[in-house]
Structures are given as C-alpha cells and as structure tokens.
Amino acid sequence: RLSGRDPLDFERGRFYPQGLLSGIPGIFKGNMTPFRCLSAHAGGITADLNHPMAGHRFSLTLKRTGRLVKSRERGGACSDWLTQALDGPGMQAGHDGISITLPGRDRFHRQDEAPDPVFYAQDRLVRHVDARASRNLSGWYQGNIRQGSRVLDLMAGFQSHLPEDLGLKQVHGLGLNEAEMSNNRALDAYTVQDLNTTPTLHFDDHTFDAAICSLSVEYLVKPVAVFKETARFLKPGAPFMVTFANRWFPEKAIGIWEDLHDFERMGLVTAYFNQSGAWRDLSTRSIRGYPRPRDDRHYPKLRYSDPVYMVSGIKS
C-alpha cells in the first residue's frame with residue numbers, strides 16, 4: 001500500500017524512499033532507503049525492495065582517505081562504512097530490461113526560464129567545488145585524456161579542472177560568460193554560445209581528441225542534441241567525460257534534477273548517451289568521502305569534501 005500517494009505518480013524504473021510504503025514489516029515512515037518501482041497502475045505498484053546491486057558480482061576496496069578531527073565531542077565514534085559505501089551504487093543501472101528513459105518535456109523546465117545569457121552575464125570568478133573535489137576531477141581527467149590531445153570544454157567557465165601537466169595541444173572552451181573564460185588559465189581559445197538555444201556547433205567533424213563537461217550538465221534542456229553534436233566533432237575512439245557534484249544553481253537546473261538521487265542522476269546522464277546513439281563503453285564513477293580541506297571556508301560546518309560523479313562514453 002502507499003501512504004497517501006497516487007500510484008500513477010510513480011514512474012517505472014525510478015527509485016523512491018521506502019517510507020512511502022505502508023503495511024510492510026520493517027518499513028517505517030521516514031525511511032529513506034530506496035526501492036525501485038517495477039510497474040505502476042491505478043490499482044497500485046510493484047516495488048523491488050532489494051539493494052540495487054543485488055544479483056551483480058562486484059568487488060569492494062575501502063581506502064582510508066584521512067581522519068576527521070572532532071572539536072568538542074567526547075567519546076568514540078562508530079561508522080558503518082559498508083553501508084555508506086553501498087549507499088547509491090547500482091541506482092544508475094536498468095533492471096531486467098527496464099531501460100532508463102528520459103523524463104517528459106515538463107521535467108526540463110527551469111525555475112528561471114529567462115534567456116540564459118541574462119543569468120550568466122554576471123561574472124562568477126569562483127570555484128564551484130572545494131579544492132579536494134577539484135583535485136579528484138583533475139585526477140580522473142588525467143587518467144582518461146591522452147597527452148597532446150585537443151580538448152573541448154563544454155559549458156566552460158572560470159575553472160576547467162584539467163591538470164596543468166597534461167601537455168594538451170589545445171583546450172577550447174565553449175560557454176556563456178566571456179570574462180570567466182578569459183580568466184580560465186586552461187583555455188587557449190573560447191567561444192561564447194548558448195547550447196540551450198543553439199546546440200549545433202561550428203567545429204568540423206572529427207576535430208577533437210576528447211571533450212569534457214564539468215559541473216554543468218544539469219542546465220541542458222536539449223541534452224540529447226548536444227550529446228549527438230559532441231559525437232560529430234570528436235574523433236572515433238575519443239572520450240566524452242561528463243561530471244557533476246551536489247551543488248548547482250537551482251534557478252537554471254532542469255526540474256527533474258533536484259528530485260533525483262545522486263546516483264539516479266548518473267542514470268539520467270547515461271540515458272543522454274544512450275539516446276544520442278553515438279557512444280560505446282559507457283561507464284560511471286563516483287568519488288566520495290574525502291575530508292574537506294581544513295582551510296576551506298565551509299570547514300568545519302561541512303566535514304566532507306564535495307562528492308563528484310562522472311559518466312563517460314567513447315565515440316563509436
């Protein structure tokens with residue numbers, strides 16, 4: 001049974017908190033453990049209460065990344081690291097033939113539907129994740145972009161998170177704020193363009209060796225068109241790496257983004273790759289649990305570094 005919800009509000013393949021269910025032993029109101037909706041109809045829903053990784057073989061390696069220093073509390077502390085490590089993985093994958101589908105048109109609406117160049121006209125020469133998270137992004141790019149590559153930085157701003165010692169041949173930024181991109185030390189050239197109104201790019205076919213989109217995919221209202229166009233100007237075998245965190249401008253993020261679990265967001269971005277039909281070897285990755293740098297302005301209120309999530313594909 002459902003607690004005051006219309007069964008038709010549930011979408012096939014999506015995850016919801018178990019606290020929405022009632023009449024099931026061991027489930028209580030407010031329980032945020034997710035379940036997957038396998039089907040929904042006027043009479044009710046079919047819910048899968050298994051962990052999203054159930055039925056999959058996997059290995060798990062835990063690495064100590066640092067020690068959080070307590071301030072005034074006394075006594076010890078105990079953390080269930082296994083539960084924390086498995087909180088989310090698997091939610092980006094389909095289930096027994098249920099593919100992850102894109103949301104309806106209304107889910108791509110934003111709080112602020114004014115032209116994007118108006119919103120981004122304000123210079124934001126700030127870092128959008130903490131220094132530890134930025135290093136984590138750089139490390140991922142380091143391991144996936146070849147030396148001497150030509151790279152396109154989609155939806156670029158003040159910081160590209162590309163490692164400085166990668167020896168890239170060229171980095172071309174494409175974004176909405178010229179002042180931010182002109183102050184981005186990683187960029188050799190840039191183009192001012194609104195992908196939400198003009199997803200077609202002026203680059204020739206097979207121009208770039210890699211493309212990245214850092215911390216901005218949640219603002220795309222025509223994502224499949226952009227992913228198709230990205231494939232056009234990449235060389236065969238080139239990677240496209242899309243990353244995001246748990247911080248964004250709520251006025252400009254698509255409507256469904258805030259409703260999704262972090263790992264479901266990886267599933268949504270994976271659907272962008274799949275539906276654009278030009279990619280192979282899709283993969284997802286998350287980096288979480290690092291201590292926030294002690295000189296960060298949000299420390300000690302926020303003890304952990306911003307989590308970062310990655311979805312990547314190879315141009316077919």
# chains A, B, ... in the order shown; residues from 1 in each chain; ligands from 1

call {"tool": "select_by_dssp", "arguments": {"residues": "segment 124-200 of chain A", "states": "strand (DSSP E)", "output": "ChimeraX atom specification"}}
result
/A:150-154,170-175,189-192

call {"tool": "residues_around", "arguments": {"residues": "segment 219-227 of chain A", "least_positions_apart": "3", "cutoff": "9 Å", "atoms": "only C-alpha atoms", "output": "PyMOL selection string"}}
result
chain A and resi 108-110+195-197+199-201+216+230-232+240+248-249+252-254+269+271-278

call {"tool": "closest_atom_pairs", "arguments": {"of": "segment 78-158 of chain A", "to": "segment 12-30 of chain A", "cutoff": "9 Å", "atoms": "only C-alpha atoms", "output": "JSON lines"}}
result
{"residue": "A:Met91", "atom": "CA", "partner": "A:Phe15", "partner_atom": "CA", "distance": 7.6}
{"residue": "A:Gly94", "atom": "CA", "partner": "A:Gly13", "partner_atom": "CA", "distance": 7.0}
{"residue": "A:His95", "atom": "CA", "partner": "A:Gly13", "partner_atom": "CA", "distance": 7.2}
{"residue": "A:Ile98", "atom": "CA", "partner": "A:Gly13", "partner_atom": "CA", "distance": 6.2}
{"residue": "A:Ser99", "atom": "CA", "partner": "A:Gly13", "partner_atom": "CA", "distance": 7.3}
{"residue": "A:Ile100", "atom": "CA", "partner": "A:Gly13", "partner_atom": "CA", "distance": 6.6}
{"residue": "A:Thr101", "atom": "CA", "partner": "A:Gly13", "partner_atom": "CA", "distance": 8.4}

call {"tool": "write_last_selection", "arguments": {"atoms": "N, CA and C atoms", "output": "short mmCIF file (atom, residue, chain, number, x, y, z; two decimals), in the first residue's frame"}}
result
data_model
loop_
_atom_site.label_atom_id
_atom_site.label_comp_id
_atom_site.auth_asym_id
_atom_site.auth_seq_id
_atom_site.Cartn_x
_atom_site.Cartn_y
_atom_site.Cartn_z
N MET A 91 22.06 2.31 -8.63
CA MET A 91 20.85 3.04 -8.97
C MET A 91 20.91 3.66 -10.36
N GLY A 94 19.78 -0.02 -15.30
CA GLY A 94 18.43 -0.52 -15.53
C GLY A 94 18.22 -1.84 -14.81
N HIS A 95 17.01 -2.37 -14.89
CA HIS A 95 16.67 -3.57 -14.14
C HIS A 95 15.90 -4.53 -15.04
N ILE A 98 14.31 -3.11 -18.03
CA ILE A 98 13.71 -1.79 -17.85
C ILE A 98 14.79 -0.75 -18.11
N SER A 99 14.72 -0.08 -19.23
CA SER A 99 15.73 0.91 -19.55
C SER A 99 15.40 2.23 -18.87
N ILE A 100 16.44 3.00 -18.59
CA ILE A 100 16.25 4.32 -18.00
C ILE A 100 15.80 5.26 -19.12
N THR A 101 14.65 5.86 -18.98
CA THR A 101 14.09 6.71 -20.02
C THR A 101 14.20 8.17 -19.60
#

call {"tool": "closest_residue", "arguments": {"among": "A:Val242, A:Ala40, A:Ala133, A:Met32", "to": "Val308 of chain A", "atoms": "only C-alpha atoms"}}
result
A:Ala133

call {"tool": "atom_distance", "arguments": {"atom1": "atom CA of Thr33 of chain A", "atom2": "atom CA of Gly88 of chain A"}}
result
9.7 Å

call {"tool": "residues_around", "arguments": {"residues": "Leu215 of chain A", "least_positions_apart": "5", "cutoff": "12 Å", "atoms": "only C-alpha atoms", "output": "PDB file with N, CA and C atoms, in the first residue's frame"}}
result
ATOM      1  N   ARG A 127      35.271  29.199  -7.456  1.00  0.00           N
ATOM      2  CA  ARG A 127      35.330  27.757  -7.640  1.00  0.00           C
ATOM      3  C   ARG A 127      34.016  27.142  -7.152  1.00  0.00           C
ATOM      4  N   HIS A 128      33.454  26.241  -7.942  1.00  0.00           N
ATOM      5  CA  HIS A 128      32.135  25.701  -7.632  1.00  0.00           C
ATOM      6  C   HIS A 128      32.177  24.409  -6.820  1.00  0.00           C
ATOM      7  N   VAL A 129      33.370  23.857  -6.596  1.00  0.00           N
ATOM      8  CA  VAL A 129      33.553  22.756  -5.650  1.00  0.00           C
ATOM      9  C   VAL A 129      34.821  23.044  -4.855  1.00  0.00           C
ATOM     10  N   ALA A 133      37.756  18.226  -4.090  1.00  0.00           N
ATOM     11  CA  ALA A 133      36.897  17.734  -5.170  1.00  0.00           C
ATOM     12  C   ALA A 133      37.478  18.106  -6.527  1.00  0.00           C
ATOM     13  N   SER A 134      38.037  19.308  -6.627  1.00  0.00           N
ATOM     14  CA  SER A 134      38.652  19.725  -7.883  1.00  0.00           C
ATOM     15  C   SER A 134      39.830  18.825  -8.236  1.00  0.00           C
ATOM     16  N   LEU A 137      38.517  15.584  -9.607  1.00  0.00           N
ATOM     17  CA  LEU A 137      38.137  15.727 -11.015  1.00  0.00           C
ATOM     18  C   LEU A 137      39.374  15.720 -11.905  1.00  0.00           C
ATOM     19  N   ASP A 153      36.102  21.995 -23.953  1.00  0.00           N
ATOM     20  CA  ASP A 153      35.493  22.135 -22.637  1.00  0.00           C
ATOM     21  C   ASP A 153      34.117  22.752 -22.833  1.00  0.00           C
ATOM     22  N   LEU A 154      33.081  21.899 -22.802  1.00  0.00           N
ATOM     23  CA  LEU A 154      31.707  22.363 -22.998  1.00  0.00           C
ATOM     24  C   LEU A 154      31.180  23.040 -21.735  1.00  0.00           C
ATOM     25  N   MET A 155      30.406  24.116 -21.920  1.00  0.00           N
ATOM     26  CA  MET A 155      29.797  24.853 -20.829  1.00  0.00           C
ATOM     27  C   MET A 155      30.873  25.326 -19.858  1.00  0.00           C
ATOM     28  N   ALA A 156      31.942  25.865 -20.430  1.00  0.00           N
ATOM     29  CA  ALA A 156      33.111  26.261 -19.663  1.00  0.00           C
ATOM     30  C   ALA A 156      32.858  27.530 -18.867  1.00  0.00           C
ATOM     31  N   GLY A 157      33.663  27.693 -17.832  1.00  0.00           N
ATOM     32  CA  GLY A 157      33.588  28.883 -17.000  1.00  0.00           C
ATOM     33  C   GLY A 157      34.972  29.287 -16.546  1.00  0.00           C
ATOM     34  N   PHE A 158      35.076  29.631 -15.286  1.00  0.00           N
ATOM     35  CA  PHE A 158      36.326  30.144 -14.731  1.00  0.00           C
ATOM     36  C   PHE A 158      37.370  29.044 -14.527  1.00  0.00           C
ATOM     37  N   GLN A 159      36.928  27.806 -14.325  1.00  0.00           N
ATOM     38  CA  GLN A 159      37.842  26.716 -13.987  1.00  0.00           C
ATOM     39  C   GLN A 159      37.466  25.472 -14.783  1.00  0.00           C
ATOM     40  N   SER A 160      38.470  24.838 -15.415  1.00  0.00           N
ATOM     41  CA  SER A 160      38.219  23.640 -16.217  1.00  0.00           C
ATOM     42  C   SER A 160      38.528  22.351 -15.470  1.00  0.00           C
ATOM     43  N   HIS A 161      39.297  22.406 -14.376  1.00  0.00           N
ATOM     44  CA  HIS A 161      39.691  21.238 -13.585  1.00  0.00           C
ATOM     45  C   HIS A 161      40.629  20.308 -14.350  1.00  0.00           C
ATOM     46  N   LEU A 220      21.307  21.677 -19.109  1.00  0.00           N
ATOM     47  CA  LEU A 220      20.955  21.446 -20.509  1.00  0.00           C
ATOM     48  C   LEU A 220      19.473  21.105 -20.655  1.00  0.00           C
ATOM     49  N   MET A 241      33.605  13.086 -21.311  1.00  0.00           N
ATOM     50  CA  MET A 241      33.523  12.907 -19.864  1.00  0.00           C
ATOM     51  C   MET A 241      32.638  13.989 -19.251  1.00  0.00           C
ATOM     52  N   VAL A 242      31.565  13.563 -18.608  1.00  0.00           N
ATOM     53  CA  VAL A 242      30.583  14.470 -18.019  1.00  0.00           C
ATOM     54  C   VAL A 242      30.637  14.310 -16.507  1.00  0.00           C
ATOM     55  N   THR A 243      30.819  15.406 -15.796  1.00  0.00           N
ATOM     56  CA  THR A 243      30.940  15.349 -14.343  1.00  0.00           C
ATOM     57  C   THR A 243      29.975  16.326 -13.690  1.00  0.00           C
ATOM     58  N   PHE A 244      29.555  15.988 -12.476  1.00  0.00           N
ATOM     59  CA  PHE A 244      28.702  16.897 -11.709  1.00  0.00           C
ATOM     60  C   PHE A 244      28.905  16.633 -10.228  1.00  0.00           C
ATOM     61  N   ALA A 245      28.429  17.536  -9.413  1.00  0.00           N
ATOM     62  CA  ALA A 245      28.534  17.412  -7.956  1.00  0.00           C
ATOM     63  C   ALA A 245      27.131  17.530  -7.366  1.00  0.00           C
ATOM     64  N   ASN A 246      27.047  17.887  -6.101  1.00  0.00           N
ATOM     65  CA  ASN A 246      25.733  18.073  -5.471  1.00  0.00           C
ATOM     66  C   ASN A 246      25.470  19.551  -5.199  1.00  0.00           C
ATOM     67  N   ARG A 247      26.081  20.408  -5.995  1.00  0.00           N
ATOM     68  CA  ARG A 247      25.862  21.852  -5.903  1.00  0.00           C
ATOM     69  C   ARG A 247      25.560  22.374  -7.302  1.00  0.00           C
ATOM     70  N   TRP A 248      24.550  23.262  -7.393  1.00  0.00           N
ATOM     71  CA  TRP A 248      24.186  23.832  -8.684  1.00  0.00           C
ATOM     72  C   TRP A 248      23.352  25.081  -8.450  1.00  0.00           C
ATOM     73  N   PHE A 249      23.093  25.819  -9.537  1.00  0.00           N
ATOM     74  CA  PHE A 249      22.201  26.976  -9.455  1.00  0.00           C
ATOM     75  C   PHE A 249      20.772  26.479  -9.620  1.00  0.00           C
ATOM     76  N   ALA A 253      18.731  24.836 -13.145  1.00  0.00           N
ATOM     77  CA  ALA A 253      18.777  23.385 -13.295  1.00  0.00           C
ATOM     78  C   ALA A 253      17.431  22.870 -13.802  1.00  0.00           C
ATOM     79  N   ASP A 306      33.165  17.891  -1.302  1.00  0.00           N
ATOM     80  CA  ASP A 306      32.034  17.727  -2.214  1.00  0.00           C
ATOM     81  C   ASP A 306      32.191  16.417  -2.991  1.00  0.00           C
ATOM     82  N   PRO A 307      31.151  15.588  -3.035  1.00  0.00           N
ATOM     83  CA  PRO A 307      31.239  14.376  -3.857  1.00  0.00           C
ATOM     84  C   PRO A 307      31.219  14.756  -5.335  1.00  0.00           C
ATOM     85  N   VAL A 308      31.912  13.981  -6.141  1.00  0.00           N
ATOM     86  CA  VAL A 308      31.879  14.199  -7.577  1.00  0.00           C
ATOM     87  C   VAL A 308      31.465  12.914  -8.274  1.00  0.00           C
ATOM     88  N   TYR A 309      30.684  13.064  -9.333  1.00  0.00           N
ATOM     89  CA  TYR A 309      30.124  11.940 -10.075  1.00  0.00           C
ATOM     90  C   TYR A 309      30.491  12.094 -11.545  1.00  0.00           C
ATOM     91  N   MET A 310      30.806  10.966 -12.188  1.00  0.00           N
ATOM     92  CA  MET A 310      31.278  11.004 -13.563  1.00  0.00           C
ATOM     93  C   MET A 310      30.516   9.996 -14.415  1.00  0.00           C
ATOM     94  N   VAL A 311      30.201  10.377 -15.623  1.00  0.00           N
ATOM     95  CA  VAL A 311      29.665   9.468 -16.635  1.00  0.00           C
ATOM     96  C   VAL A 311      30.471   9.720 -17.904  1.00  0.00           C
TER      97      VAL A 311
END

call {"tool": "residues_around", "arguments": {"residues": "Gly173 of chain A", "least_positions_apart": "4", "cutoff": "10 Å", "atoms": "only C-alpha atoms", "output": "ChimeraX atom specification"}}
result
/A:151-157,160,178,181-182,184,186-192,211-213

call {"tool": "residues_around", "arguments": {"residues": "Asn50 of chain A", "least_positions_apart": "2", "cutoff": "9 Å", "atoms": "only C-alpha atoms", "output": "list in words"}}
result
Pro34, Phe35, Arg36, Asp48, Pro52, Met53 and Ala54 of chain A

call {"tool": "write_last_selection", "arguments": {"atoms": "N, CA, C and O atoms", "output": "PDB file, in the first residue's frame"}}
result
ATOM      1  N   PRO A  34      16.057   3.364  -0.519  1.00  0.00           N
ATOM      2  CA  PRO A  34      15.294   3.397  -1.764  1.00  0.00           C
ATOM      3  C   PRO A  34      14.715   2.037  -2.163  1.00  0.00           C
ATOM      4  O   PRO A  34      15.249   0.987  -1.816  1.00  0.00           O
ATOM      5  N   PHE A  35      13.606   2.074  -2.874  1.00  0.00           N
ATOM      6  CA  PHE A  35      13.095   0.910  -3.583  1.00  0.00           C
ATOM      7  C   PHE A  35      12.892   1.308  -5.038  1.00  0.00           C
ATOM      8  O   PHE A  35      12.723   2.479  -5.356  1.00  0.00           O
ATOM      9  N   ARG A  36      12.916   0.305  -5.916  1.00  0.00           N
ATOM     10  CA  ARG A  36      12.720   0.577  -7.333  1.00  0.00           C
ATOM     11  C   ARG A  36      11.283   0.222  -7.728  1.00  0.00           C
ATOM     12  O   ARG A  36      10.768  -0.830  -7.359  1.00  0.00           O
ATOM     13  N   ASP A  48      10.404  -3.243  -5.922  1.00  0.00           N
ATOM     14  CA  ASP A  48      11.556  -4.102  -5.669  1.00  0.00           C
ATOM     15  C   ASP A  48      12.324  -3.507  -4.498  1.00  0.00           C
ATOM     16  O   ASP A  48      12.910  -2.431  -4.600  1.00  0.00           O
ATOM     17  N   PRO A  52      20.042  -2.155  -4.992  1.00  0.00           N
ATOM     18  CA  PRO A  52      20.258  -2.040  -6.444  1.00  0.00           C
ATOM     19  C   PRO A  52      21.383  -2.921  -6.977  1.00  0.00           C
ATOM     20  O   PRO A  52      21.411  -3.237  -8.166  1.00  0.00           O
ATOM     21  N   MET A  53      22.335  -3.337  -6.103  1.00  0.00           N
ATOM     22  CA  MET A  53      23.425  -4.196  -6.550  1.00  0.00           C
ATOM     23  C   MET A  53      23.086  -5.680  -6.427  1.00  0.00           C
ATOM     24  O   MET A  53      23.906  -6.537  -6.770  1.00  0.00           O
ATOM     25  N   ALA A  54      21.885  -6.014  -5.945  1.00  0.00           N
ATOM     26  CA  ALA A  54      21.506  -7.418  -5.786  1.00  0.00           C
ATOM     27  C   ALA A  54      21.567  -8.124  -7.139  1.00  0.00           C
ATOM     28  O   ALA A  54      21.080  -7.615  -8.148  1.00  0.00           O
TER      29      ALA A  54
END
